[in-house]
file run10.cif (mmCIF, C-alpha atoms and all ligand atoms)
data_my_file
loop_
_atom_site.label_atom_id
_atom_site.label_comp_id
_atom_site.auth_asym_id
_atom_site.auth_seq_id
_atom_site.Cartn_x
_atom_site.Cartn_y
_atom_site.Cartn_z
CA MET A 191 20.07 -35.35 -39.28
CA ARG A 192 21.63 -32.97 -36.74
CA GLU A 193 18.80 -31.30 -34.85
CA VAL A 194 20.04 -27.72 -34.45
CA VAL A 195 23.02 -25.86 -35.91
CA ILE A 196 24.23 -22.69 -34.18
CA ILE A 197 26.43 -20.22 -36.02
CA GLY A 198 28.62 -18.04 -33.80
CA GLY A 199 30.26 -19.00 -30.52
CA GLY A 200 29.91 -15.68 -28.64
CA PRO A 201 27.63 -15.28 -25.58
CA ALA A 202 24.44 -15.82 -27.63
CA GLY A 203 25.53 -18.94 -29.52
CA ALA A 204 27.44 -20.59 -26.68
CA THR A 205 24.49 -20.08 -24.30
CA ALA A 206 22.01 -21.40 -26.87
CA ALA A 207 24.15 -24.52 -27.37
CA ARG A 208 24.52 -25.10 -23.64
CA TYR A 209 20.78 -24.90 -22.94
CA LEU A 210 19.86 -26.97 -26.02
CA SER A 211 22.10 -29.71 -24.63
CA LYS A 212 20.47 -29.35 -21.21
CA PHE A 213 17.16 -30.00 -23.03
CA LYS A 214 18.80 -33.01 -24.74
CA VAL A 215 18.45 -31.41 -28.17
CA LYS A 216 21.35 -32.50 -30.36
CA ASN A 217 23.29 -29.46 -31.55
CA ILE A 218 26.52 -28.32 -33.14
CA LEU A 219 28.12 -24.92 -32.56
CA ILE A 220 30.13 -23.42 -35.41
CA GLN A 221 32.64 -20.73 -34.42
CA ARG A 222 34.87 -19.06 -37.02
CA ASP A 223 37.87 -18.60 -34.75
CA LEU A 224 38.06 -20.27 -31.36
CA ASN A 225 40.67 -17.72 -30.30
CA PHE A 226 38.58 -14.66 -31.29
CA LYS A 227 38.41 -11.76 -28.87
CA LYS A 228 35.27 -9.69 -29.36
CA PRO A 229 35.99 -5.96 -29.04
CA CYS A 230 34.05 -5.19 -25.90
CA GLY A 231 34.23 -3.42 -22.54
CA GLY A 232 33.29 -6.75 -20.94
CA GLY A 233 30.94 -5.21 -18.36
CA ILE A 234 28.13 -7.51 -17.15
CA ARG A 235 25.65 -7.07 -14.31
CA ILE A 236 26.85 -9.43 -11.63
CA ASP A 237 23.39 -10.96 -11.09
CA ALA A 238 23.73 -12.51 -14.57
CA PHE A 239 26.24 -14.95 -13.05
CA LYS A 240 23.53 -16.38 -10.82
CA GLU A 241 20.87 -16.34 -13.53
CA PHE A 242 23.05 -18.30 -15.95
CA ASP A 243 24.85 -20.32 -13.29
CA LEU A 244 28.30 -19.02 -14.24
CA ASP A 245 31.46 -19.34 -12.19
CA LYS A 246 32.64 -16.00 -10.83
CA LYS A 247 36.25 -17.09 -11.34
CA VAL A 248 36.09 -15.54 -14.85
CA ILE A 249 35.50 -12.08 -13.37
CA LYS A 250 38.59 -9.88 -13.63
CA LYS A 251 37.29 -6.93 -11.65
CA ILE A 252 34.20 -6.01 -9.69
CA ILE A 253 33.02 -2.43 -9.99
CA ASN A 254 31.00 -1.00 -7.13
CA GLU A 255 30.75 2.56 -8.33
CA ILE A 256 29.90 4.27 -11.58
CA GLU A 257 30.67 7.87 -12.38
CA ILE A 258 28.68 10.18 -14.62
CA PHE A 259 30.59 13.09 -16.16
CA HIS A 260 29.21 16.12 -17.94
CA LYS A 261 31.58 19.04 -18.56
CA LYS A 262 33.12 19.75 -15.14
CA ARG A 263 30.44 17.95 -13.17
CA LYS A 264 30.97 14.46 -11.75
CA ILE A 265 28.35 12.33 -10.01
CA SER A 266 29.30 9.12 -8.24
CA ILE A 267 26.73 6.38 -7.93
CA ASP A 268 27.04 3.45 -5.58
CA ILE A 269 26.02 0.23 -7.35
CA SER A 270 27.40 -2.13 -4.70
CA GLN A 271 23.95 -3.77 -4.34
CA ASN A 272 24.46 -5.16 -7.85
CA PRO A 273 27.97 -4.37 -9.10
CA ILE A 274 29.28 -4.63 -12.65
CA ALA A 275 31.61 -7.56 -13.31
CA ILE A 276 34.37 -7.05 -15.87
CA VAL A 277 35.33 -10.08 -17.96
CA GLU A 278 37.94 -10.63 -20.65
CA ARG A 279 36.00 -11.60 -23.74
CA ARG A 280 38.38 -14.17 -25.25
CA GLU A 281 38.39 -16.06 -21.98
CA PHE A 282 34.71 -15.49 -21.21
CA ASP A 283 33.48 -16.70 -24.63
CA ALA A 284 35.78 -19.75 -24.42
CA TYR A 285 34.41 -20.48 -20.94
CA LEU A 286 30.80 -20.32 -22.21
CA ARG A 287 31.66 -22.69 -25.09
CA GLU A 288 33.33 -25.03 -22.60
CA LEU A 289 30.10 -25.11 -20.56
CA ALA A 290 28.19 -26.02 -23.74
CA LYS A 291 30.67 -28.83 -24.47
CA LYS A 292 30.33 -30.19 -20.94
CA GLU A 293 26.56 -30.41 -21.44
CA GLY A 294 27.12 -32.38 -24.67
CA SER A 295 27.25 -29.80 -27.48
CA GLU A 296 29.67 -30.37 -30.33
CA VAL A 297 31.83 -27.24 -30.83
CA ILE A 298 33.89 -26.88 -33.98
CA GLU A 299 36.05 -24.23 -35.62
CA ALA A 300 34.54 -23.58 -39.05
CA VAL A 301 33.12 -20.73 -41.11
CA PHE A 302 29.49 -20.45 -42.09
CA LEU A 303 29.19 -19.76 -45.82
CA ASP A 304 25.63 -20.19 -47.00
CA LEU A 305 22.27 -21.83 -46.39
CA LYS A 306 19.22 -23.13 -48.20
CA ILE A 307 15.81 -23.43 -46.61
CA PHE A 308 13.56 -26.36 -47.51
CA LYS A 309 10.07 -27.26 -46.32
CA ASP A 310 11.19 -29.63 -43.56
CA TYR A 311 14.81 -28.78 -42.99
CA ILE A 312 17.61 -26.33 -43.58
CA LEU A 313 20.90 -27.04 -45.35
CA ILE A 314 23.96 -25.18 -44.05
CA LYS A 315 27.20 -24.83 -45.96
CA ILE A 316 30.38 -24.43 -43.87
CA LYS A 317 34.11 -24.55 -44.46
CA ARG A 318 36.10 -26.62 -41.99
CA GLU A 319 39.89 -27.02 -42.31
CA GLY A 320 39.73 -25.84 -45.92
CA LYS A 321 37.00 -28.30 -46.90
CA ILE A 322 33.36 -27.55 -47.72
CA GLU A 323 30.75 -29.47 -45.72
CA HIS A 324 26.95 -29.42 -45.68
CA LEU A 325 24.96 -29.84 -42.47
CA LYS A 326 21.29 -30.68 -42.40
CA ALA A 327 19.26 -29.39 -39.46
CA SER A 328 15.69 -28.87 -38.36
CA HIS A 329 16.52 -25.31 -37.25
CA LEU A 330 19.35 -22.83 -37.31
CA ILE A 331 20.26 -20.41 -34.53
CA ALA A 332 21.89 -17.26 -35.89
CA ALA A 333 24.37 -15.94 -33.31
CA ASP A 334 26.86 -14.52 -35.77
CA GLY A 335 26.93 -11.00 -34.37
CA VAL A 336 26.22 -7.51 -35.62
CA ASN A 337 27.53 -8.23 -39.15
CA SER A 338 25.29 -11.31 -39.40
CA LYS A 339 25.67 -13.01 -42.76
CA ILE A 340 22.69 -15.23 -41.95
CA ARG A 341 20.50 -12.16 -41.56
CA LYS A 342 21.63 -10.85 -44.96
CA ILE A 343 20.70 -14.16 -46.58
CA VAL A 344 17.44 -14.87 -44.75
CA ASN A 345 16.00 -11.40 -44.19
CA LYS A 346 17.95 -9.48 -46.82
CA ASP A 347 18.84 -6.72 -44.40
CA ARG A 348 21.50 -5.69 -41.91
CA VAL A 349 21.33 -5.08 -38.20
CA ASP A 350 20.88 -1.33 -37.71
CA SER A 351 24.07 -0.27 -35.95
CA ASN A 352 26.49 2.47 -34.91
CA LEU A 353 30.23 2.41 -35.28
CA THR A 354 32.17 2.59 -32.03
CA ARG A 355 35.77 3.77 -31.76
CA TYR A 356 37.71 2.31 -28.90
CA ALA A 357 41.21 1.80 -27.55
CA ASP A 358 43.04 0.32 -24.59
CA ILE A 359 44.94 2.75 -22.38
CA SER A 360 47.38 2.11 -19.54
CA ARG A 361 45.57 4.25 -16.94
CA ASN A 362 44.02 2.17 -14.17
CA LEU A 363 40.46 2.91 -13.08
CA ASN A 364 38.33 1.58 -10.24
CA THR A 365 35.00 2.85 -11.51
CA CYS A 366 33.04 2.58 -14.76
CA GLN A 367 32.92 6.10 -16.16
CA PHE A 368 30.15 7.37 -18.43
CA HIS A 369 30.99 10.70 -20.08
CA PHE A 370 28.26 12.80 -21.66
CA GLY A 371 28.25 15.99 -23.73
CA SER A 372 27.73 17.15 -27.30
CA LYS A 373 31.47 17.51 -27.96
CA ILE A 374 32.64 14.10 -26.77
CA ALA A 375 29.65 11.86 -27.16
CA GLY A 376 26.83 13.57 -29.10
CA ARG A 377 23.61 11.69 -28.44
CA PHE A 378 25.46 8.71 -26.94
CA TYR A 379 27.95 8.32 -24.11
CA ALA A 380 31.70 7.96 -24.13
CA TRP A 381 33.05 5.34 -21.75
CA ALA A 382 36.16 4.58 -19.75
CA PHE A 383 35.93 1.13 -18.20
CA PRO A 384 38.54 -0.67 -16.10
CA HIS A 385 39.96 -3.67 -17.93
CA THR A 386 42.17 -6.63 -17.12
CA LYS A 387 45.18 -4.34 -17.52
CA GLY A 388 44.60 -0.59 -17.72
CA SER A 389 41.29 0.60 -19.15
CA ASN A 390 39.19 0.55 -22.28
CA ILE A 391 37.85 3.83 -23.62
CA GLY A 392 35.49 4.50 -26.48
CA THR A 393 32.90 6.63 -28.23
CA VAL A 394 29.96 5.93 -30.53
CA ASN A 395 29.60 7.44 -34.03
CA GLY A 396 31.04 10.83 -35.07
CA GLU A 397 34.76 10.92 -35.94
CA LYS A 398 35.47 13.98 -33.85
CA TYR A 399 34.09 12.54 -30.60
CA PHE A 400 36.97 10.16 -29.99
CA GLU A 401 39.61 12.88 -30.47
CA ASN A 402 37.73 15.26 -28.19
CA PHE A 403 37.27 12.52 -25.61
CA LEU A 404 41.01 11.79 -25.59
CA LYS A 405 41.72 15.49 -25.07
CA SER A 406 39.21 15.72 -22.23
CA LEU A 407 40.84 12.71 -20.52
CA LYS A 408 44.29 14.27 -21.12
CA ILE A 409 45.66 11.08 -22.66
CA ASN A 410 48.99 11.52 -24.40
CA GLU A 411 50.19 7.93 -24.77
CA ASN A 412 50.31 6.18 -28.15
CA ILE A 413 47.14 4.21 -28.58
CA LYS A 414 45.72 1.96 -31.25
CA VAL A 415 42.20 3.07 -32.17
CA LYS A 416 39.91 0.39 -33.54
CA GLY A 417 36.32 0.38 -34.71
CA TYR A 418 33.48 -2.12 -34.34
CA LYS A 419 29.74 -1.89 -34.80
CA ILE A 420 27.19 -2.07 -32.01
CA PRO A 421 23.48 -2.72 -32.73
CA ASN A 422 20.73 -0.14 -32.39
CA PHE A 423 17.38 -1.42 -31.26
CA LYS A 424 15.67 -0.29 -34.47
CA ASN A 425 14.97 -3.38 -36.56
CA PRO A 426 14.88 -6.38 -34.21
CA LEU A 427 14.42 -9.77 -35.86
CA PHE A 428 13.33 -12.86 -33.96
CA TYR A 429 12.43 -15.78 -36.22
CA LYS A 430 12.09 -16.40 -39.90
CA ASP A 431 12.09 -19.53 -42.08
CA ARG A 432 13.52 -22.01 -39.53
CA VAL A 433 16.07 -19.49 -38.27
CA PHE A 434 16.13 -17.99 -34.74
CA PHE A 435 18.04 -14.71 -34.46
CA THR A 436 19.79 -14.18 -31.13
CA GLY A 437 22.10 -11.57 -29.56
CA ASP A 438 23.55 -8.92 -31.87
CA SER A 439 22.25 -10.70 -35.00
CA GLY A 440 18.72 -9.97 -33.73
CA GLY A 441 19.68 -6.42 -32.68
CA PHE A 442 19.20 -7.06 -28.94
CA VAL A 443 21.44 -4.47 -27.31
CA LEU A 444 19.84 -2.34 -24.62
CA PRO A 445 19.52 1.29 -25.82
CA PHE A 446 21.23 4.02 -23.81
CA THR A 447 23.46 1.64 -21.79
CA TYR A 448 24.63 -0.48 -24.76
CA GLU A 449 24.53 -3.59 -22.65
CA GLY A 450 24.68 -6.54 -25.05
CA ILE A 451 26.31 -9.53 -23.33
CA TYR A 452 23.43 -10.18 -20.96
CA TYR A 453 20.80 -9.89 -23.72
CA ALA A 454 22.85 -12.14 -26.00
CA MET A 455 22.92 -14.88 -23.35
CA GLU A 456 19.26 -14.35 -22.51
CA SER A 457 18.06 -14.58 -26.11
CA GLY A 458 20.24 -17.66 -26.73
CA LYS A 459 18.66 -19.32 -23.71
CA MET A 460 15.14 -18.35 -24.79
CA ALA A 461 15.57 -19.78 -28.29
CA ALA A 462 16.96 -23.01 -26.77
CA GLU A 463 14.03 -23.25 -24.36
CA ILE A 464 11.48 -22.94 -27.17
CA LEU A 465 13.25 -25.61 -29.22
CA GLY A 466 13.80 -27.79 -26.14
CA LYS A 467 10.14 -27.68 -25.17
CA ASN A 468 9.00 -28.17 -28.75
CA GLY A 469 7.13 -24.88 -28.65
CA SER A 470 6.05 -22.81 -31.62
CA PRO A 471 9.03 -20.74 -32.89
CA PHE A 472 6.80 -17.68 -32.82
CA GLU A 473 6.66 -17.95 -29.01
CA TYR A 474 10.26 -16.74 -29.02
CA GLU A 475 9.27 -13.20 -30.03
CA GLU A 476 6.39 -13.21 -27.55
CA MET A 477 8.63 -14.42 -24.72
CA TRP A 478 11.31 -11.83 -25.48
CA LYS A 479 8.86 -8.96 -25.79
CA LYS A 480 7.04 -9.87 -22.58
CA LYS A 481 10.32 -9.71 -20.68
CA ASN A 482 12.15 -6.87 -22.41
CA LEU A 483 10.11 -4.70 -24.75
CA ASN A 484 8.98 -2.19 -22.14
CA LYS A 485 12.52 -1.69 -20.87
CA PHE A 486 14.04 -1.43 -24.37
CA LYS A 487 11.43 1.10 -25.50
CA THR A 488 11.77 3.11 -22.31
CA LEU A 489 15.55 3.36 -22.49
CA SER A 490 15.34 4.24 -26.16
CA LEU A 491 12.95 7.05 -25.27
CA LEU A 492 15.09 8.22 -22.34
CA GLN A 493 18.15 8.28 -24.61
CA LYS A 494 16.29 10.44 -27.15
CA ILE A 495 15.03 12.86 -24.48
CA PHE A 496 18.02 13.09 -22.15
CA LEU A 497 20.77 13.08 -24.77
CA TYR A 498 19.11 15.59 -27.08
CA ASN A 499 21.61 18.41 -26.35
CA ASP A 500 23.82 19.79 -23.55
CA PHE A 501 20.84 21.38 -21.87
CA THR A 502 18.93 18.09 -21.57
CA ILE A 503 22.13 16.31 -20.51
CA LYS A 504 22.54 18.89 -17.75
CA PHE A 505 18.95 18.19 -16.70
CA MET A 506 19.74 14.44 -16.67
CA THR A 507 22.86 14.90 -14.54
CA ASN A 508 20.82 17.00 -12.10
CA LEU A 509 18.39 14.10 -11.85
CA PHE A 510 21.20 11.62 -11.29
CA ALA A 511 22.41 13.77 -8.42
CA ASN A 512 19.10 13.18 -6.61
CA PRO A 513 19.49 9.97 -4.52
CA LYS A 514 15.82 8.93 -4.88
CA ILE A 515 15.86 9.26 -8.65
CA GLN A 516 19.30 7.67 -8.78
CA LYS A 517 17.84 4.61 -7.05
CA GLU A 518 14.95 4.33 -9.53
CA ILE A 519 17.09 4.83 -12.62
CA ILE A 520 19.75 2.45 -11.40
CA LYS A 521 17.08 -0.17 -10.74
CA LEU A 522 16.00 0.15 -14.35
CA TRP A 523 19.59 0.23 -15.60
CA LEU A 524 20.52 -2.91 -13.74
CA GLY A 525 17.48 -4.69 -15.02
CA LYS A 526 15.04 -4.75 -12.15
CA ARG A 527 11.99 -5.19 -14.25
CA GLU A 528 9.43 -3.84 -11.81
CA VAL A 529 10.38 -0.24 -12.66
CA LYS A 530 7.76 1.22 -14.98
CA ILE A 531 8.72 4.34 -16.86
CA ASN A 532 5.62 6.11 -18.03
CA LEU A 533 4.14 9.60 -17.78
CA ASN A 534 3.59 9.09 -14.07
CA PHE A 535 7.28 8.27 -13.65
CA PHE A 536 8.30 11.48 -15.42
CA TYR A 537 5.87 13.46 -13.31
CA LYS A 538 7.42 12.01 -10.14
CA VAL A 539 10.95 12.60 -11.45
CA ILE A 540 10.28 16.24 -12.29
CA LYS A 541 8.51 16.81 -8.96
CA GLU A 542 11.49 15.32 -7.10
CA SER A 543 14.01 17.34 -9.09
CA LEU A 544 12.18 20.58 -8.27
CA LYS A 545 12.23 19.93 -4.50
C1 LIG B 1 33.40 -1.49 -28.36
C2 LIG B 1 32.28 -2.28 -27.75
C3 LIG B 1 32.15 -2.32 -26.36
C4 LIG B 1 31.12 -3.07 -25.78
N1 LIG B 1 31.05 -3.14 -24.42
C5 LIG B 1 30.08 -3.86 -23.84
C6 LIG B 1 30.02 -4.02 -22.42
O1 LIG B 1 30.87 -3.51 -21.67
N2 LIG B 1 29.01 -4.76 -21.89
C7 LIG B 1 28.05 -5.35 -22.67
O2 LIG B 1 27.15 -5.99 -22.13
N3 LIG B 1 28.11 -5.26 -24.02
C8 LIG B 1 29.10 -4.55 -24.61
N4 LIG B 1 29.16 -4.49 -25.99
C9 LIG B 1 28.18 -5.26 -26.78
C10 LIG B 1 28.56 -6.76 -26.79
O3 LIG B 1 29.91 -6.90 -27.16
C11 LIG B 1 27.67 -7.55 -27.77
O4 LIG B 1 26.33 -7.15 -27.63
C12 LIG B 1 27.78 -9.07 -27.53
O5 LIG B 1 29.08 -9.51 -27.76
C13 LIG B 1 26.82 -9.82 -28.46
O6 LIG B 1 27.03 -11.21 -28.35
P1 LIG B 1 26.71 -12.17 -29.59
O7 LIG B 1 27.02 -13.55 -29.12
O8 LIG B 1 25.38 -11.86 -30.12
O9 LIG B 1 27.73 -11.73 -30.74
P2 LIG B 1 29.34 -11.73 -30.75
O10 LIG B 1 29.87 -11.62 -29.38
O11 LIG B 1 29.73 -10.72 -31.75
O12 LIG B 1 29.68 -13.18 -31.28
C14 LIG B 1 29.46 -13.56 -32.61
C15 LIG B 1 30.41 -14.71 -32.92
O13 LIG B 1 30.08 -15.23 -34.21
C16 LIG B 1 31.27 -15.54 -34.88
N5 LIG B 1 30.98 -15.52 -36.32
C17 LIG B 1 30.63 -14.43 -37.05
N6 LIG B 1 30.44 -14.79 -38.34
C18 LIG B 1 30.68 -16.12 -38.42
C19 LIG B 1 30.67 -17.06 -39.49
N7 LIG B 1 30.37 -16.71 -40.75
N8 LIG B 1 30.98 -18.36 -39.23
C20 LIG B 1 31.27 -18.74 -37.94
N9 LIG B 1 31.32 -17.89 -36.89
C21 LIG B 1 31.03 -16.60 -37.13
C22 LIG B 1 32.26 -14.48 -34.43
O14 LIG B 1 33.59 -14.93 -34.58
C23 LIG B 1 31.86 -14.27 -32.97
O15 LIG B 1 32.62 -15.08 -32.10
C24 LIG B 1 30.19 -3.76 -26.60
C25 LIG B 1 30.32 -3.70 -28.00
C26 LIG B 1 31.35 -2.97 -28.57
C27 LIG B 1 31.48 -2.95 -30.07
#
call {"tool": "encode", "arguments": {"input": "run10.cif", "output": "structure tokens", "more": "lines below"}}
Ligand SMILES: Cc1cc2nc3c(=O)[nH]c(=O)nc-3n(C[C@H](O)[C@H](O)[C@H](O)COP(=O)(O)OP(=O)(O)OC[C@H]3O[C@@H](n4cnc5c(N)ncnc54)[C@H](O)[C@@H]3O)c2cc1C
result
Amino acid sequence: MREVVIIGGGPAGATAARYLSKFKVKNILIQRDLNFKKPCGGGIRIDAFKEFDLDKKVIKKIINEIEIFHKKRKISIDISQNPIAIVERREFDAYLRELAKKEGSEVIEAVFLDLKIFKDYILIKIKREGKIEHLKASHLIAADGVNSKIRKIVNKDRVDSNLTRYADISRNLNTCQFHFGSKIAGRFYAWAFPHTKGSNIGTVNGEKYFENFLKSLKINENIKVKGYKIPNFKNPLFYKDRVFFTGDSGGFVLPFTYEGIYYAMESGKMAAEILGKNGSPFEYEEMWKKKNLNKFKTLSLLQKIFLYNDFTIKFMTNLFANPKIQKEIIKLWLGKREVKINLNFFYKVIKESLK
């Protein structure tokens, strides 16, 4: 019997496979298309490379400055203490799968079709090279993304999500731009991120936002607009009936910033650690919540408050202009976990902003 089957070879699945192999747990990673390029800005906090022992050679660009835009106002923020690394997702995902293979994981191109859960094992139906196969495993790791089929079968629900609209443009940028405002982004942000060639721009929800964003950027070139869902942190799912849910399939994308790659890798590693150490599967949820819940809830709350309307966005941009507050918010943004956002934090923020 194969010990663990992982469905989905993105950051969550590839990282889970790699760490399972490090723990000497036999595993097989099933990826639908080994050439797949996930629609994504490819921005990752650079400290993730150290945490997951990744080679920086896959980084295409390093961004030391972010820019916040609201109407005519622009605020530049220096993030050189922990820059954002831009990766190309086809290459990055392939690199992560290669690391898993090197550790001993079996990686195959096949499509997950169905599963059946039994008392002591799980039976997984896949299609490889046109032929149906059944794999027997002690556990399954769902890493099949925001449209998770496993989640539909096991939990009979879907990951709560928003539809993004995005496109590649030829304009070159040296900063990651976050654009706010009711006309172009509603209660989200619109982004313009440097990419391997040119830039990637996008908006979340609302058909009009993308058009308005293009106008505000004065982009006249012919572009191909695509759409892809991004999870909301509304109905996270950790473990059920021998299945661990990781990355987008669990709904683990940080609210407000929409950072998902890091949390996909982190959750994949956590699930692997629990399985590798023979822990109780329910420890997975505990471990994740201990590390992330406060931050996820806080950013969700900040998004609701700050992005309520143009007035609150203006208030937020005023705060971002204050270097002390900038430092605190950036610390939280970049994942320094010691930042506690509570009533006391808001009191300090408001006091600072009134100085
Ligand atoms: C437009 C856009 C921009 C984004 N920009 C950023 C960003 O700049 N930074 C950031 O951190 N996050 C960003 N995100 C979020 C990020 O892309 C995701 O959170 C991250 O990719 C989640 O990783 P994952 O491994 O869980 O899922 P995915 O990366 O979606 O991987 C799932 C994999 O499963 C495979 N699969 C699916 N179904 C099956 C099946 N039935 N059988 C076999 N294989 C299957 C897919 O082919 C895919 O390779 C962005 C998202 C969008 C939509």
call {"tool": "closest_residue", "arguments": {"input": "run10.cif", "among": "A:Glu288, A:Phe423, A:Glu475, A:Ile374", "to": "A:Asn499", "atoms": "only C-alpha atoms"}}
result
A:Ile374
call {"tool": "residues_near_ligand", "arguments": {"input": "run10.cif", "ligand": "ligand LIG 1 (chain B)", "cutoff": "7 Å", "atoms": "only C-alpha atoms and all ligand atoms", "output": "MDAnalysis selection string"}}
result
chainID A and resid 197:203 220:223 226 228:234 300:303 333:336 338:339 354:356 392 418:420 436:439 443 448:452 454
call {"tool": "atom_distance", "arguments": {"input": "run10.cif", "atom1": "atom CA of A:Asn390", "atom2": "atom CA of A:Leu489"}}
result
23.8 Å
call {"tool": "atom_distance", "arguments": {"input": "run10.cif", "atom1": "atom CA of A:Lys459", "atom2": "atom CA of A:Tyr209"}}
result
6.0 Å
call {"tool": "residues_around", "arguments": {"input": "run10.cif", "residues": "A:Ser270", "least_positions_apart": "3", "cutoff": "12 Å", "atoms": "all atoms listed in the file", "output": "JSON list (two decimals) with C-alpha atoms, in the coordinates of the input"}}
result
[["chain", "number", "residue", "atom", "x", "y", "z"],
["A", 235, "ARG", "CA", 25.65, -7.07, -14.31],
["A", 236, "ILE", "CA", 26.85, -9.43, -11.63],
["A", 237, "ASP", "CA", 23.39, -10.96, -11.09],
["A", 252, "ILE", "CA", 34.20, -6.01, -9.69],
["A", 253, "ILE", "CA", 33.02, -2.43, -9.99],
["A", 254, "ASN", "CA", 31.00, -1.00, -7.13],
["A", 255, "GLU", "CA", 30.75, 2.56, -8.33],
["A", 256, "ILE", "CA", 29.90, 4.27, -11.58],
["A", 266, "SER", "CA", 29.30, 9.12, -8.24],
["A", 267, "ILE", "CA", 26.73, 6.38, -7.93],
["A", 273, "PRO", "CA", 27.97, -4.37, -9.10],
["A", 274, "ILE", "CA", 29.28, -4.63, -12.65],
["A", 275, "ALA", "CA", 31.61, -7.56, -13.31],
["A", 365, "THR", "CA", 35.00, 2.85, -11.51],
["A", 517, "LYS", "CA", 17.84, 4.61, -7.05],
["A", 520, "ILE", "CA", 19.75, 2.45, -11.40],
["A", 524, "LEU", "CA", 20.52, -2.91, -13.74]]
call {"tool": "closest_residue", "arguments": {"input": "run10.cif", "among": "A:Ile314, A:Glu463, A:Val277, A:Asn352", "to": "A:Ala327", "atoms": "all atoms listed in the file"}}
result
A:Ile314
call {"tool": "residues_around", "arguments": {"input": "run10.cif", "residues": "A:Ile218", "least_positions_apart": "3", "cutoff": "7 Å", "atoms": "all atoms listed in the file", "output": "list of chain:residue names"}}
result
A:Val194, A:Val195, A:Ile196, A:Ser295, A:Glu296, A:Val297
call {"tool": "atom_distance", "arguments": {"input": "run10.cif", "atom1": "atom CA of A:Leu492", "atom2": "atom CA of A:Arg263"}}
result
20.4 Å
call {"tool": "closest_residue", "arguments": {"input": "run10.cif", "among": "A:Tyr474, A:Phe370, A:Phe446, A:Phe400", "to": "A:Lys430", "atoms": "only C-alpha atoms"}}
result
A:Tyr474
call {"tool": "closest_residue", "arguments": {"input": "run10.cif", "among": "A:Ile307, A:Ile249, A:Leu244, A:Met460", "to": "A:Trp478", "atoms": "only C-alpha atoms"}}
result
A:Met460
call {"tool": "closest_residue", "arguments": {"input": "run10.cif", "among": "A:Leu522, A:Glu456, A:Gly376, A:Lys485", "to": "A:Leu497", "atoms": "all atoms listed in the file"}}
result
A:Gly376
call {"tool": "axis_aligned_box", "arguments": {"input": "run10.cif", "around": "stretch 448-467 of chain A", "padding_each_side": "6 Å", "output": "AutoDock Vina command-line options"}}
result
--center_x 18.2 --center_y -14.1 --center_z -25.1 --size_x 28.2 --size_y 39.3 --size_z 20.3
call {"tool": "closest_residue", "arguments": {"input": "run10.cif", "among": "A:Ile331, A:Lys261, A:Thr205, A:Leu224", "to": "A:Leu289", "atoms": "only C-alpha atoms"}}
result
A:Thr205
call {"tool": "residues_around", "arguments": {"input": "run10.cif", "residues": "A:Lys467", "least_positions_apart": "6", "cutoff": "10 Å", "atoms": "all atoms listed in the file", "output": "ChimeraX atom specification"}}
result
/A:210,213,215
